[in-house]
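Accompanying notes for the structure given below.
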Amino acid sequence: KQPGKIAEIVKNENGFQLIYMGEPFFVKGAVGWEYLEELAGCGANSLRGSYRLLDEAHRMGLTMLVNLPVASERNGFDYDDEEAVRDQYNRVKEIVEENKDHSALLMWAIGNELDHIPGDLDYNLKVWDAVNDIAGMIKEIDPHHPVMTVTGYGKQEKLKDIVERCPNLDLLGINAYANIVNVPGWLREYSWNKPYVVTEWG
């Protein structure tokens, strides 16, 4: 264990183990921004949401997977616009610098389903270059918390693009509902050999 590590993922004979504050940690959480008291009362230990919820999460005894505001093409962002990509990078950098030492922080998530465009349209592969650049920056500023991006289950071949273009990621977040039981096989098919966490399910 590296001195100063708050959260890290270690490989063992069974796969991977998340370690938080020196102890094995199994995420029992939810996504959202309301009903945090009820969430904690149900036995949850973690929340996925905006960095603006860190203080409240801490009051509730919850850790946080912080969603970093990285835009998607479906919302009009153009990954061919180098200035826009640079501005986004700098905004994320500010958020990480301001919150990296927060006691509730568990991990960082770069965007949500950035490949998804309604109608199952192709996406700009430069999105993964931007994700990788942000991940590298975060790991330099904050080596004490793992970094992921979050994908959906659709367009499964995207995993090949992520493997090739995002070596700086520590793990992958996956939103999977009825298909949750198929996630391990999908990851094996496209040679994902790092950890993953289910970030939405039901």
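Chain labels run A, B, ... following the order of the structure tokens; each chain numbers its residues from 1, and ligands are numbered from 1 in the order shown.
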
Please report, as JSON lines, each residue of range 75-121 of chain A lying at most 8 Å from range 47-65 of chain A, together with the nearest pair of atoms and the separation in Å rounded to one decimal; use only C-alpha atoms, and order rows by chain and ascending residue number.
{"residue": "A:Ile95", "atom": "CA", "partner": "A:Tyr51", "partner_atom": "CA", "distance": 7.9}
{"residue": "A:Asn99", "atom": "CA", "partner": "A:Tyr51", "partner_atom": "CA", "distance": 7.5}
{"residue": "A:His102", "atom": "CA", "partner": "A:Leu54", "partner_atom": "CA", "distance": 7.4}
{"residue": "A:Ser103", "atom": "CA", "partner": "A:His58", "partner_atom": "CA", "distance": 7.0}
{"residue": "A:Ala104", "atom": "CA", "partner": "A:Thr63", "partner_atom": "CA", "distance": 4.5}
{"residue": "A:Leu105", "atom": "CA", "partner": "A:Met64", "partner_atom": "CA", "distance": 5.0}
{"residue": "A:Leu106", "atom": "CA", "partner": "A:Met64", "partner_atom": "CA", "distance": 5.2}
{"residue": "A:Met107", "atom": "CA", "partner": "A:Leu65", "partner_atom": "CA", "distance": 4.8}
{"residue": "A:Trp108", "atom": "CA", "partner": "A:Leu65", "partner_atom": "CA", "distance": 5.6}
{"residue": "A:Ala109", "atom": "CA", "partner": "A:Leu65", "partner_atom": "CA", "distance": 6.6}

Expected answer as a VMD selection string: strand (DSSP E) residues in chain A
chain A and resid 7 to 12 15 to 20 23 to 24 29 to 31 46 to 50 63 to 68 105 to 112 147 to 151 171 to 175 196 to 200

Find, counting only C-alpha atoms, the residue in A:Ala135, A:Leu125, A:Val183, A:Leu169 that gets nearest to Trp201 in chain A.
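Between A:Ala135, A:Leu125, A:Val183, A:Leu169, the residue approaching Trp201 in chain A most closely is A:Val183.
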
Would you list the contacts of range 150-165 of chain A as a PDB file with C-alpha atoms, in the first residue's frame, taking every protein, DNA or RNA residue within 7 Å and counting only C-alpha atoms, but skipping same-chain residues closer than 5 positions in sequence?
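out-v4.pdb, written as the output of this step:
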ATOM      1  CA  ALA A 109     -15.925   9.403 -12.766  1.00  0.00           C
ATOM      2  CA  ILE A 110     -15.206  11.216 -16.043  1.00  0.00           C
ATOM      3  CA  GLY A 111     -18.576  11.785 -17.696  1.00  0.00           C
ATOM      4  CA  ASN A 112     -21.512   9.449 -18.176  1.00  0.00           C
ATOM      5  CA  GLU A 113     -22.148   7.343 -21.299  1.00  0.00           C
ATOM      6  CA  LEU A 114     -20.130   9.754 -23.434  1.00  0.00           C
ATOM      7  CA  TRP A 128     -11.794   8.840 -25.540  1.00  0.00           C
ATOM      8  CA  ASP A 129      -8.643  10.861 -26.166  1.00  0.00           C
ATOM      9  CA  ASN A 132      -7.613   9.748 -21.301  1.00  0.00           C
ATOM     10  CA  LEU A 172     -14.529   1.177 -15.798  1.00  0.00           C
ATOM     11  CA  GLY A 173     -18.011   2.082 -14.599  1.00  0.00           C
ATOM     12  CA  ILE A 174     -20.845   0.301 -16.380  1.00  0.00           C
ATOM     13  CA  ASN A 175     -24.547   1.145 -16.419  1.00  0.00           C
ATOM     14  CA  ALA A 176     -26.383  -2.127 -17.012  1.00  0.00           C
ATOM     15  CA  TYR A 190     -13.157  -7.182 -25.680  1.00  0.00           C
ATOM     16  CA  TRP A 192     -10.846  -5.532 -20.636  1.00  0.00           C
TER      17      TRP A 192
END

Just want the 12 Å neighbourhood of Gly76 in chain A, counted on only C-alpha atoms, with same-chain residues fewer than 6 positions away dropped. Output as an MDAnalysis selection string.
chainID A and resid 70 84 114 117 123

I need the chosen residues saved as an mmCIF file, in the first residue's frame, with C-alpha atoms.
data_model
loop_
_atom_site.group_PDB
_atom_site.id
_atom_site.type_symbol
_atom_site.label_atom_id
_atom_site.label_comp_id
_atom_site.auth_asym_id
_atom_site.auth_seq_id
_atom_site.Cartn_x
_atom_site.Cartn_y
_atom_site.Cartn_z
ATOM 1 C CA VAL A 70 -17.642 16.112 -19.003
ATOM 2 C CA ALA A 84 -13.858 23.610 -26.119
ATOM 3 C CA LEU A 114 -20.130 9.754 -23.434
ATOM 4 C CA ILE A 117 -26.063 9.330 -29.111
ATOM 5 C CA TYR A 123 -19.588 8.905 -31.945
#

Kindly assemble as JSON lines a list of the range 140-163 of chain A residues that lie within 12 Å of range 14-32 of chain A, each paired with its nearest atom pair and their distance in Å to one decimal, using only C-alpha atoms, sorted first by chain and then by ascending residue number.
{"residue": "A:His144", "atom": "CA", "partner": "A:Tyr20", "partner_atom": "CA", "distance": 10.1}
{"residue": "A:His145", "atom": "CA", "partner": "A:Tyr20", "partner_atom": "CA", "distance": 9.3}
{"residue": "A:Pro146", "atom": "CA", "partner": "A:Leu18", "partner_atom": "CA", "distance": 9.5}

Using backbone DSSP assignments, extract all alpha helix (DSSP H) residues from chain A; output them as number ranges by chain.
A: 36-41, 54-59, 82-99, 126-141, 158-165, 183-189

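Using only C-alpha atoms, the nearest neighbour of Gly119 in chain A within the list A:Arg74, A:Val197, A:Asp101, A:Tyr89 is A:Arg74.
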
Quick check, in Å to one decimal: how far apart do CA of Pro143 in chain A and CA of Lys5 in chain A lie?
7.4 Å

List the neighbours of Tyr177 in chain A out to 6 Å using only C-alpha atoms; skip same-chain residues closer than 2 positions along the sequence, and give me the result as a PyMOL selection string.
chain A and resi 179-180+201-202

One-decimal distance in Å that lies between CA of Val96 in chain A and CA of Ala71 in chain A
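A separation of 16.3 Å between them.
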
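Between CA of Pro167 in chain A and CA of Lys11 in chain A lies a distance of 17.2 Å.
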
Option closest in space to Lys100 in chain A, from A:Lys139, A:Arg86, A:His116, A:Lys126 [counting only C-alpha atoms]:
A:Lys139
